[in-house]
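With compact mmCIF, C-alpha atoms inside, this is input-v7.txt:
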```
# COMPACT_ATOMS: atom_id res chain seq x y z
CA MET O 1 -13.48 10.02 -37.82
CA LYS O 2 -12.26 6.50 -37.12
CA ASN O 3 -8.67 7.71 -37.13
CA ILE O 4 -9.44 10.55 -34.69
CA ILE O 5 -11.10 8.15 -32.23
CA THR O 6 -8.23 5.68 -32.57
CA GLN O 7 -5.54 8.32 -31.98
CA PHE O 8 -7.44 9.70 -28.98
CA SER O 9 -7.67 6.16 -27.56
CA ARG O 10 -3.94 5.74 -28.18
CA LEU O 11 -3.14 8.95 -26.29
CA PHE O 12 -5.59 8.26 -23.45
CA VAL O 13 -4.49 4.66 -22.84
CA GLY O 14 -0.77 5.40 -23.23
CA VAL O 15 -0.73 8.36 -20.86
CA LEU O 16 -2.91 6.63 -18.26
CA PHE O 17 -0.72 3.52 -18.27
CA ILE O 18 2.42 5.62 -17.85
CA ILE O 19 0.93 7.68 -15.00
CA SER O 20 -0.46 4.61 -13.23
CA GLY O 21 2.82 2.74 -13.66
CA LEU O 22 5.00 5.62 -12.46
CA ILE O 23 2.88 6.15 -9.35
CA LYS O 24 3.27 2.49 -8.41
CA LEU O 25 6.92 2.46 -9.50
CA ASN O 26 7.47 5.24 -6.96
CA ASP O 27 6.46 2.73 -4.27
CA PRO O 28 6.72 -0.88 -5.56
CA VAL O 29 6.91 -2.25 -2.00
CA GLY O 30 3.48 -0.78 -1.28
CA PHE O 31 2.11 -2.37 -4.47
CA SER O 32 3.67 -5.70 -3.48
CA TYR O 33 1.71 -5.58 -0.20
CA LYS O 34 -1.45 -5.23 -2.28
CA LEU O 35 -0.53 -8.22 -4.46
CA ALA O 36 0.22 -10.25 -1.32
CA GLU O 37 -3.28 -9.38 -0.11
CA TYR O 38 -4.73 -10.85 -3.32
CA PHE O 39 -2.59 -13.99 -2.86
CA SER O 40 -3.66 -14.40 0.79
CA GLU O 41 -5.96 -17.17 2.02
CA PRO O 42 -9.15 -15.05 2.33
CA VAL O 43 -8.92 -13.93 -1.32
CA PHE O 44 -7.35 -16.33 -3.88
CA ASN O 45 -5.76 -18.67 -1.33
CA MET O 46 -2.39 -18.76 -3.12
CA PRO O 47 0.06 -18.21 -0.25
CA PHE O 48 2.89 -19.84 -2.21
CA LEU O 49 2.94 -16.70 -4.40
CA GLU O 50 3.31 -14.26 -1.50
CA PRO O 51 7.16 -14.49 -1.43
CA LEU O 52 7.11 -13.54 -5.13
CA ALA O 53 4.90 -10.48 -4.60
CA LEU O 54 7.70 -7.89 -4.72
CA GLY O 55 9.27 -9.31 -7.87
CA LEU O 56 5.88 -9.48 -9.58
CA ALA O 57 5.06 -5.94 -8.46
CA ILE O 58 8.28 -4.56 -9.97
CA PHE O 59 7.74 -6.47 -13.22
CA LEU O 60 4.11 -5.31 -13.58
CA VAL O 61 4.76 -1.63 -12.89
CA ILE O 62 7.72 -1.48 -15.27
CA LEU O 63 5.59 -3.29 -17.86
CA GLU O 64 2.82 -0.70 -17.43
CA VAL O 65 5.19 2.22 -18.05
CA VAL O 66 6.96 0.59 -20.99
CA LEU O 67 3.72 -0.49 -22.69
CA GLY O 68 2.41 3.06 -22.36
CA VAL O 69 5.57 4.42 -24.03
CA MET O 70 5.45 1.71 -26.72
CA LEU O 71 1.87 2.62 -27.57
CA LEU O 72 2.56 6.36 -27.76
CA VAL O 73 5.62 6.03 -30.01
CA GLY O 74 4.06 3.23 -32.09
CA TYR O 75 6.58 0.49 -31.33
CA LYS O 76 5.41 -2.93 -32.61
CA ALA O 77 1.75 -1.92 -32.45
CA LYS O 78 0.27 -5.42 -32.79
CA GLN O 79 2.30 -6.95 -29.94
CA THR O 80 1.86 -3.86 -27.77
CA ILE O 81 -1.92 -3.79 -28.12
CA TRP O 82 -2.20 -7.53 -27.47
CA ALA O 83 -0.14 -7.11 -24.29
CA LEU O 84 -2.30 -4.17 -23.19
CA LEU O 85 -5.46 -6.17 -23.83
CA LEU O 86 -4.27 -9.17 -21.85
CA LEU O 87 -3.12 -6.94 -18.99
CA ILE O 88 -6.37 -4.97 -18.76
CA VAL O 89 -8.47 -8.16 -18.91
CA PHE O 90 -6.43 -9.50 -15.99
CA PHE O 91 -6.80 -6.28 -13.98
CA THR O 92 -10.52 -6.04 -14.79
CA PHE O 93 -11.03 -9.53 -13.41
CA LEU O 94 -9.15 -8.65 -10.22
CA THR O 95 -11.08 -5.43 -9.62
CA PHE O 96 -14.44 -7.09 -10.34
CA TYR O 97 -13.60 -9.91 -7.94
CA SER O 98 -12.58 -7.39 -5.27
CA ALA O 99 -15.72 -5.32 -5.72
CA TYR O 100 -18.24 -8.16 -6.01
CA PHE O 101 -16.91 -10.22 -3.11
CA ASN O 102 -15.72 -7.18 -1.12
CA VAL O 103 -12.37 -8.79 -0.28
CA VAL O 104 -9.80 -6.11 -1.16
CA LYS O 105 -10.84 -2.57 -0.24
CA ASP O 106 -8.34 -0.79 -2.50
CA CYS O 107 -6.75 -2.31 -5.60
CA GLY O 108 -3.74 0.00 -5.38
CA CYS O 109 -4.18 1.08 -9.03
CA PHE O 110 -2.76 4.52 -8.25
CA GLY O 111 -0.89 3.60 -5.06
CA ASP O 112 -1.50 5.95 -2.14
CA ALA O 113 -1.79 8.96 -4.46
CA LEU O 114 -5.44 8.30 -5.33
CA LYS O 115 -7.65 5.93 -3.38
CA LEU O 116 -10.42 4.26 -5.37
CA THR O 117 -13.24 2.09 -4.06
CA PRO O 118 -13.41 -1.42 -5.56
CA TRP O 119 -16.31 -0.47 -7.84
CA GLN O 120 -14.53 2.71 -8.95
CA SER O 121 -11.46 0.63 -9.80
CA PHE O 122 -13.59 -1.82 -11.79
CA THR O 123 -15.28 1.04 -13.65
CA LYS O 124 -11.88 2.55 -14.50
CA ASP O 125 -10.71 -0.78 -15.91
CA VAL O 126 -13.90 -1.21 -17.97
CA VAL O 127 -13.35 2.23 -19.50
CA LEU O 128 -9.74 1.34 -20.30
CA LEU O 129 -10.87 -1.98 -21.78
CA PHE O 130 -13.28 -0.10 -24.06
CA PHE O 131 -10.53 2.15 -25.44
CA ILE O 132 -8.06 -0.73 -25.78
CA LEU O 133 -10.65 -2.65 -27.80
CA ILE O 134 -10.89 0.35 -30.13
CA LEU O 135 -7.13 0.11 -30.59
CA PHE O 136 -7.36 -3.67 -31.05
CA PHE O 137 -9.82 -3.38 -33.93
CA ASN O 138 -7.92 -0.50 -35.55
CA GLN O 139 -4.33 -1.68 -35.19
CA LYS O 140 -3.46 -0.66 -38.74
CA LEU O 141 -4.00 2.98 -37.82
CA ILE O 142 -1.27 2.89 -35.14
CA LYS O 143 1.86 4.07 -36.93
CA PRO O 144 5.29 4.93 -35.47
CA LEU O 145 5.71 8.61 -34.66
CA PHE O 146 9.46 8.65 -35.32
CA SER O 147 12.12 6.80 -37.25
CA THR O 148 12.91 3.24 -36.24
CA SER O 149 16.12 4.20 -34.42
CA ILE O 150 14.44 6.95 -32.35
CA THR O 151 11.45 4.73 -31.58
CA ASN O 152 13.71 1.92 -30.41
CA LEU O 153 15.76 4.37 -28.33
CA ALA O 154 12.61 5.69 -26.62
CA VAL O 155 11.52 2.18 -25.65
CA TYR O 156 14.99 1.10 -24.45
CA LEU O 157 15.31 4.28 -22.41
CA SER O 158 11.92 3.69 -20.79
CA VAL O 159 13.03 0.22 -19.74
CA ALA O 160 16.37 1.42 -18.39
CA LEU O 161 14.97 4.45 -16.53
CA SER O 162 12.09 2.43 -15.05
CA ALA O 163 14.50 -0.26 -13.84
CA PHE O 164 16.78 2.39 -12.33
CA MET O 165 13.85 4.08 -10.57
CA ALA O 166 12.74 0.72 -9.14
CA TYR O 167 16.28 0.05 -7.88
CA TRP O 168 16.54 3.52 -6.33
CA VAL O 169 13.27 3.50 -4.39
CA LEU O 170 13.87 -0.04 -3.16
CA HIS O 171 17.21 0.98 -1.66
CA HIS O 172 16.06 4.37 -0.38
CA ASN O 173 12.60 5.87 0.12
CA PRO O 174 9.81 6.64 -2.37
CA ILE O 175 10.65 9.80 -4.31
CA LYS O 176 7.21 11.23 -3.48
CA ASP O 177 5.47 10.20 -0.26
CA PHE O 178 1.67 10.08 -0.56
CA ARG O 179 1.05 8.32 2.76
CA PRO O 180 -0.57 9.88 5.84
CA TYR O 181 2.77 9.50 7.65
CA LYS O 182 4.76 11.73 5.28
CA VAL O 183 7.24 14.30 6.59
CA GLY O 184 5.43 17.35 7.95
CA ASN O 185 2.28 15.49 9.03
CA ASN O 186 1.26 15.35 12.67
CA ILE O 187 0.16 11.87 13.79
CA GLU O 188 -2.29 13.10 16.45
CA LYS O 189 -3.98 15.46 13.99
CA GLY O 190 -4.19 12.62 11.49
CA MET O 191 -6.24 10.62 14.02
CA GLU O 192 -8.76 13.39 14.68
CA ILE O 193 -12.37 13.10 13.52
CA PRO O 194 -13.80 16.48 12.46
CA GLU O 195 -16.88 17.70 14.29
CA GLY O 196 -20.01 16.74 12.39
CA ALA O 197 -18.26 14.10 10.30
CA PRO O 198 -20.58 11.27 9.20
CA LYS O 199 -20.55 8.22 11.46
CA SER O 200 -20.67 4.62 10.33
CA VAL O 201 -24.03 2.89 10.44
CA VAL O 202 -23.52 -0.62 11.76
CA GLU O 203 -26.09 -3.36 12.21
CA MET O 204 -25.40 -6.09 14.75
CA ILE O 205 -26.03 -9.59 13.47
CA PHE O 206 -26.51 -12.41 16.00
CA ILE O 207 -25.84 -15.99 15.00
CA TYR O 208 -27.78 -18.76 16.75
CA LYS O 209 -27.74 -22.47 16.14
CA VAL O 210 -31.32 -23.56 15.43
CA ASN O 211 -31.93 -27.30 15.01
CA GLY O 212 -28.24 -27.79 14.23
CA VAL O 213 -28.12 -24.99 11.63
CA ASP O 214 -26.50 -21.54 12.12
CA LYS O 215 -29.02 -18.77 11.44
CA GLU O 216 -28.60 -14.99 11.52
CA PHE O 217 -30.88 -12.63 13.44
CA THR O 218 -30.94 -8.84 13.61
CA GLU O 219 -31.64 -6.95 16.84
CA LYS O 220 -35.31 -6.60 15.98
CA ASP O 221 -35.56 -10.38 15.44
CA LEU O 222 -34.17 -11.30 18.87
CA MET O 223 -37.67 -11.64 20.36
CA ASN O 224 -38.49 -14.26 17.71
CA ILE O 225 -35.56 -16.61 18.29
CA PRO O 226 -36.95 -20.18 18.54
CA GLU O 227 -36.87 -21.88 21.90
CA GLY O 228 -33.81 -24.07 22.38
CA ALA O 229 -31.62 -22.02 20.01
CA THR O 230 -28.05 -21.52 21.26
CA PHE O 231 -25.92 -18.44 20.74
CA VAL O 232 -22.91 -18.93 18.43
CA ASP O 233 -21.44 -15.56 17.56
CA ARG O 234 -22.08 -11.89 16.86
CA LYS O 235 -20.81 -9.85 13.92
CA ASP O 236 -21.19 -6.28 12.78
CA LYS O 237 -22.51 -5.49 9.31
CA VAL O 238 -21.52 -2.04 8.00
CA ILE O 239 -24.55 -0.45 6.34
CA SER O 240 -22.75 2.78 5.44
CA GLU O 241 -19.14 3.76 6.01
CA GLY O 242 -18.60 6.90 8.05
CA TYR O 243 -15.58 9.18 8.12
CA VAL O 244 -12.35 7.26 8.65
CA PRO O 245 -9.39 9.46 9.65
CA PRO O 246 -6.18 9.04 7.61
CA ILE O 247 -4.47 7.55 10.68
CA HIS O 248 -6.71 5.18 12.63
CA ASP O 249 -4.74 2.11 13.73
CA PHE O 250 -1.71 3.75 15.33
CA THR O 251 -0.70 2.41 18.75
CA MET O 252 2.40 2.35 20.94
CA THR O 253 1.58 -0.51 23.26
CA LYS O 254 3.79 -1.99 25.94
CA ASP O 255 2.71 -4.21 28.85
CA ASP O 256 -0.95 -3.90 27.80
CA SER O 257 -0.88 -0.08 27.96
CA ASP O 258 -0.91 2.34 25.04
CA TYR O 259 1.73 5.06 25.47
CA LYS O 260 1.09 7.00 22.26
CA ASP O 261 -0.42 10.03 24.00
CA GLU O 262 2.69 10.30 26.16
CA LEU O 263 5.29 9.54 23.49
CA LEU O 264 3.75 11.84 20.89
CA LYS O 265 4.36 14.73 23.28
CA GLU O 266 8.13 14.12 23.21
CA PRO O 267 9.99 17.06 21.63
CA LYS O 268 12.86 14.85 20.45
CA LEU O 269 11.90 11.29 19.58
CA VAL O 270 13.66 8.78 17.33
CA VAL O 271 11.64 5.71 16.37
CA PHE O 272 13.01 2.56 14.74
CA VAL O 273 10.23 1.01 12.68
CA THR O 274 10.53 -2.72 12.01
CA TYR O 275 7.23 -4.46 11.37
CA ASP O 276 8.75 -7.96 11.55
CA LEU O 277 12.08 -8.52 13.30
CA THR O 278 12.50 -11.93 11.66
CA LYS O 279 12.45 -10.22 8.25
CA SER O 280 14.54 -7.16 9.15
CA ASP O 281 17.68 -6.57 7.12
CA PRO O 282 20.62 -7.64 9.36
CA GLU O 283 22.96 -4.95 8.03
CA GLY O 284 20.28 -2.34 8.61
CA MET O 285 19.69 -3.54 12.16
CA LYS O 286 23.42 -3.31 12.93
CA LYS O 287 23.34 0.41 12.14
CA LEU O 288 20.68 1.14 14.76
CA SER O 289 23.00 0.77 17.75
CA LYS O 290 25.21 3.68 16.64
CA VAL O 291 22.13 5.77 15.82
CA THR O 292 20.86 5.11 19.35
CA THR O 293 24.13 6.26 20.94
CA ASP O 294 24.32 9.41 18.79
CA ALA O 295 20.67 10.30 19.35
CA GLN O 296 20.73 9.79 23.10
CA ALA O 297 23.88 11.91 23.36
CA LYS O 298 21.89 14.77 21.81
CA GLY O 299 18.95 14.39 24.17
CA TYR O 300 16.64 12.24 22.07
CA LYS O 301 14.42 9.52 23.44
CA VAL O 302 14.94 6.43 21.29
CA ILE O 303 12.37 3.64 20.96
CA ALA O 304 11.39 0.95 18.49
CA MET O 305 8.01 -0.13 17.12
CA THR O 306 7.27 -3.64 15.92
CA ALA O 307 4.55 -6.23 15.51
CA SER O 308 6.90 -9.03 16.59
CA GLY O 309 6.52 -10.97 19.83
CA ALA O 310 8.52 -10.82 23.04
CA ASP O 311 10.93 -13.61 22.04
CA GLU O 312 11.88 -11.91 18.76
CA ILE O 313 12.30 -8.59 20.58
CA ALA O 314 14.59 -10.09 23.22
CA LYS O 315 16.66 -11.81 20.53
CA ALA O 316 17.04 -8.61 18.49
CA LYS O 317 17.97 -6.50 21.52
CA LYS O 318 20.72 -8.96 22.44
CA GLU O 319 21.99 -9.57 18.91
CA TYR O 320 22.17 -5.91 17.87
CA GLY O 321 22.87 -4.30 21.25
CA LEU O 322 19.64 -2.31 21.34
CA ASN O 323 19.09 -1.20 24.92
CA ILE O 324 15.79 0.56 24.15
CA ASP O 325 12.09 -0.05 24.72
CA PHE O 326 10.03 -1.76 22.01
CA TYR O 327 6.36 -0.86 21.53
CA PHE O 328 3.77 -2.91 19.70
CA CYS O 329 1.86 -1.63 16.67
CA ASP O 330 -0.10 -3.47 13.98
CA ALA O 331 2.13 -4.71 11.14
CA THR O 332 -0.05 -3.11 8.44
CA THR O 333 0.27 0.28 10.13
CA LEU O 334 4.04 -0.07 10.43
CA LYS O 335 4.28 -1.03 6.76
CA THR O 336 2.36 2.13 5.95
CA ILE O 337 4.63 4.34 8.06
CA GLU O 338 7.78 3.17 6.30
CA ARG O 339 8.61 0.65 3.59
CA ALA O 340 12.15 -0.22 4.72
CA ASN O 341 12.61 -2.82 7.43
CA PRO O 342 14.14 -1.34 9.56
CA SER O 343 13.70 2.39 9.06
CA ILE O 344 14.18 5.52 11.15
CA VAL O 345 11.53 8.14 11.91
CA VAL O 346 12.26 11.36 13.79
CA LEU O 347 9.36 13.14 15.51
CA HIS O 348 8.84 16.45 17.29
CA LYS O 349 5.68 16.41 19.44
CA GLY O 350 3.98 13.99 17.08
CA THR O 351 5.05 15.74 13.88
CA ILE O 352 7.25 13.71 11.53
CA VAL O 353 10.37 15.75 10.73
CA GLN O 354 12.47 13.06 9.03
CA LYS O 355 12.12 9.53 7.63
CA LEU O 356 15.05 7.42 6.53
CA HIS O 357 15.71 4.08 4.87
CA TYR O 358 18.41 2.14 6.73
CA ASN O 359 20.71 2.72 3.74
CA ASP O 360 20.52 6.47 4.37
CA VAL O 361 21.54 6.52 8.03
CA ASP O 362 24.39 8.92 7.19
CA ASN O 363 21.78 11.52 6.20
CA LEU O 364 20.16 11.50 9.65
CA LYS O 365 19.97 15.03 11.06
CA LEU O 366 19.99 15.16 14.85
CA SER O 367 19.70 18.55 16.50
CA ASP O 368 21.33 19.47 19.81
CA VAL O 369 18.23 21.56 20.59
CA ALA O 370 14.53 20.91 20.26
CA TYR O 371 12.93 21.64 16.91
CA GLY O 372 11.22 24.99 16.68
CA LEU O 373 8.08 23.71 14.96
```
Could I get this file's structure written as structure tokens?
Amino acid sequence: MKNIITQFSRLFVGVLFIISGLIKLNDPVGFSYKLAEYFSEPVFNMPFLEPLALGLAIFLVILEVVLGVMLLVGYKAKQTIWALLLLIVFFTFLTFYSAYFNVVKDCGCFGDALKLTPWQSFTKDVVLLFFILILFFNQKLIKPLFSTSITNLAVYLSVALSAFMAYWVLHHNPIKDFRPYKVGNNIEKGMEIPEGAPKSVVEMIFIYKVNGVDKEFTEKDLMNIPEGATFVDRKDKVISEGYVPPIHDFTMTKDDSDYKDELLKEPKLVVFVTYDLTKSDPEGMKKLSKVTTDAQAKGYKVIAMTASGADEIAKAKKEYGLNIDFYFCDATTLKTIERANPSIVVLHKGTIVQKLHYNDVDNLKLSDVAYGL
């Protein structure tokens, strides 16, 4: 019986680690954004680690996949199980911290493929910890499935293939796109709220300074505010979360006006997405001028979207010869649309028909006629 439970734990933990690792390995940049969120000032206040987020993300996701393979084939069981235990203890701490203090809404455990609430993520890690502890106390029952040479080959191949996959998706696009801005999705439809969808219940909290101390009052308490109290601030407390559409922070703002309703009606629209012009790849930016010329010659309207300020925009337009309009959108939204900086998105009346990493400009398909979607 003990052996059956141990082998089930081995299979369960190994497969789950491989699946979780591969999903994140498909989009390591997205996982790095999540790590950067943990390193940010509101969470662990370790901003010096933010520049290392991508490297750490790649290392962790490859480690997840390789440890899963090592466990399944029985490669160095003692070291493998110790590594799994240390890793799950670390992740369990992160997910508990996120859930208890409500600082990170999604741990990114399964990337964009499966969204988990903080408490769901913590529960998942506790379950994994339970099965890894079974393995820890029954290490002698974990035997290699194959000969030493085949076992070693399986592990070395997992390292090599994981590293190659990481290299590929970093220099191109994720192999599988799980985001709301994937090819085929319509942005306007993604912003719609279905009729009858639950609405958020929000309680307004008013902060007043009373005898030098900030105190909170609800709406029903406003009649009981002590005389002489002075208003400080107001904040909204979410009692229950309502329906949030997949796309909810998308804007195309220029000169204090949002042009998304107009631009998403364009039958032939090419959009350069660059969330931060100061961090854009120079070689990638140089390619955009030719794309602009080719697209405009075929009747496309060409624009750019960024979260950078006017000075950075003016500098980029001059440096790279981009005689196009730039529209503002939140950096987080732009990072969600595309991982490359810059990248190219082709739309037909709000529907995404193509997305390209700047390394894949040669694969851009521009039609001489409007898309028949």
Q) Which is closest to O:Val302 among O:Ala77, O:Leu269, O:Ala314, O:Leu277, if we use all atoms listed in the file? A) O:Leu269
Q: Could you tell me how far atom CA of O:Pro282 lies from atom CA of O:Asn323, in Å and to one decimal?
A: 16.9 Å
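If you look at atom CA of O:Leu63 and atom CA of O:Val159, they are 8.4 Å away from each other.
The two atoms in question, atom CA of O:Asn185 and atom CA of O:Gly284, are spaced 25.3 Å apart.
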(Q) Which residues are near O:Lys199? Cut-off 10 Å, all atoms listed in the file, ignore same chain within fewer than 5 positions. Put them as a VMD selection string. (A) chain O and resid 193 240 to 244
Output file for the residues above (C-alpha atoms, as a PDB file, keeping the file's coordinate frame):
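Full text of again.pdb as output:
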```pdb
ATOM      1  CA  ILE O 193     -12.370  13.100  13.520  1.00  0.00           C
ATOM      2  CA  SER O 240     -22.750   2.780   5.440  1.00  0.00           C
ATOM      3  CA  GLU O 241     -19.140   3.760   6.010  1.00  0.00           C
ATOM      4  CA  GLY O 242     -18.600   6.900   8.050  1.00  0.00           C
ATOM      5  CA  TYR O 243     -15.580   9.180   8.120  1.00  0.00           C
ATOM      6  CA  VAL O 244     -12.350   7.260   8.650  1.00  0.00           C
TER       7      VAL O 244
END
```
Q | Selection as number ranges by chain: residues within 10 Å of (3.6, 1.2, -26.8), counting all atoms listed in the file | A | O: 10, 13-14, 17, 64-81, 83-84, 142, 144, 151, 155
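With only C-alpha atoms as the basis for measurement, O:Glu227 is the residue among O:Thr306, O:Val29, O:Lys268, O:Glu227 that approaches O:Asn211 most closely.
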Q. Which protein, DNA or RNA residues are at most 12 Å from (6.1, 3.6, 10.8) in the file's coordinates when you count only C-alpha atoms, listed as a PyMOL selection string?
A. chain O and resi 179-183+187+247+249-252+270-276+303-307+327-347+352+354-357
**Q.** Neighbour list for O:Thr95 as number ranges by chain, cut-off 8 Å, all atoms listed in the file, skip fewer than 2 positions in-chain
**A.** O: 91-93, 97-99, 107, 118-119, 121-122, 125
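Using all atoms listed in the file, the shortest contact distance between O:Leu135 and any of O:Thr351, O:Ser289, O:Asn186, O:Gln7 is found at O:Gln7.
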Q | For O:Tyr167: contacts at 10 Å, all atoms listed in the file, fewer than 4 positions along chain excluded, given as an MDAnalysis selection string | A | chainID O and resid 25 28 58 161:163 171:172
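Distances to O:Leu54 were evaluated for O:Leu170, O:Lys115, O:Phe101, O:Glu192 using all atoms listed in the file, and the minimum falls at O:Leu170.
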Padding 5 Å on each side, edges along x, y and z: where is the centre of the box around the listed atoms of stretch 81-86 of chain O, and how long are its edges in Å to one decimal? Output it as lines of an AutoDock Vina configuration file.
```
center_x = -2.8
center_y = -6.5
center_z = -25.0
size_x = 15.3
size_y = 15.4
size_z = 16.3
```
As an mmCIF file with C-alpha atoms, keeping the file's coordinate frame, please: the residues near O:Gly228 (cut-off 9 Å, all atoms listed in the file, same-chain neighbours under 2 positions excluded).
```
data_model
loop_
_atom_site.group_PDB
_atom_site.id
_atom_site.type_symbol
_atom_site.label_atom_id
_atom_site.label_comp_id
_atom_site.auth_asym_id
_atom_site.auth_seq_id
_atom_site.Cartn_x
_atom_site.Cartn_y
_atom_site.Cartn_z
ATOM 1 C CA LYS O 209 -27.740 -22.470 16.140
ATOM 2 C CA VAL O 210 -31.320 -23.560 15.430
ATOM 3 C CA ASN O 211 -31.930 -27.300 15.010
ATOM 4 C CA ILE O 225 -35.560 -16.610 18.290
ATOM 5 C CA PRO O 226 -36.950 -20.180 18.540
ATOM 6 C CA THR O 230 -28.050 -21.520 21.260
#
```
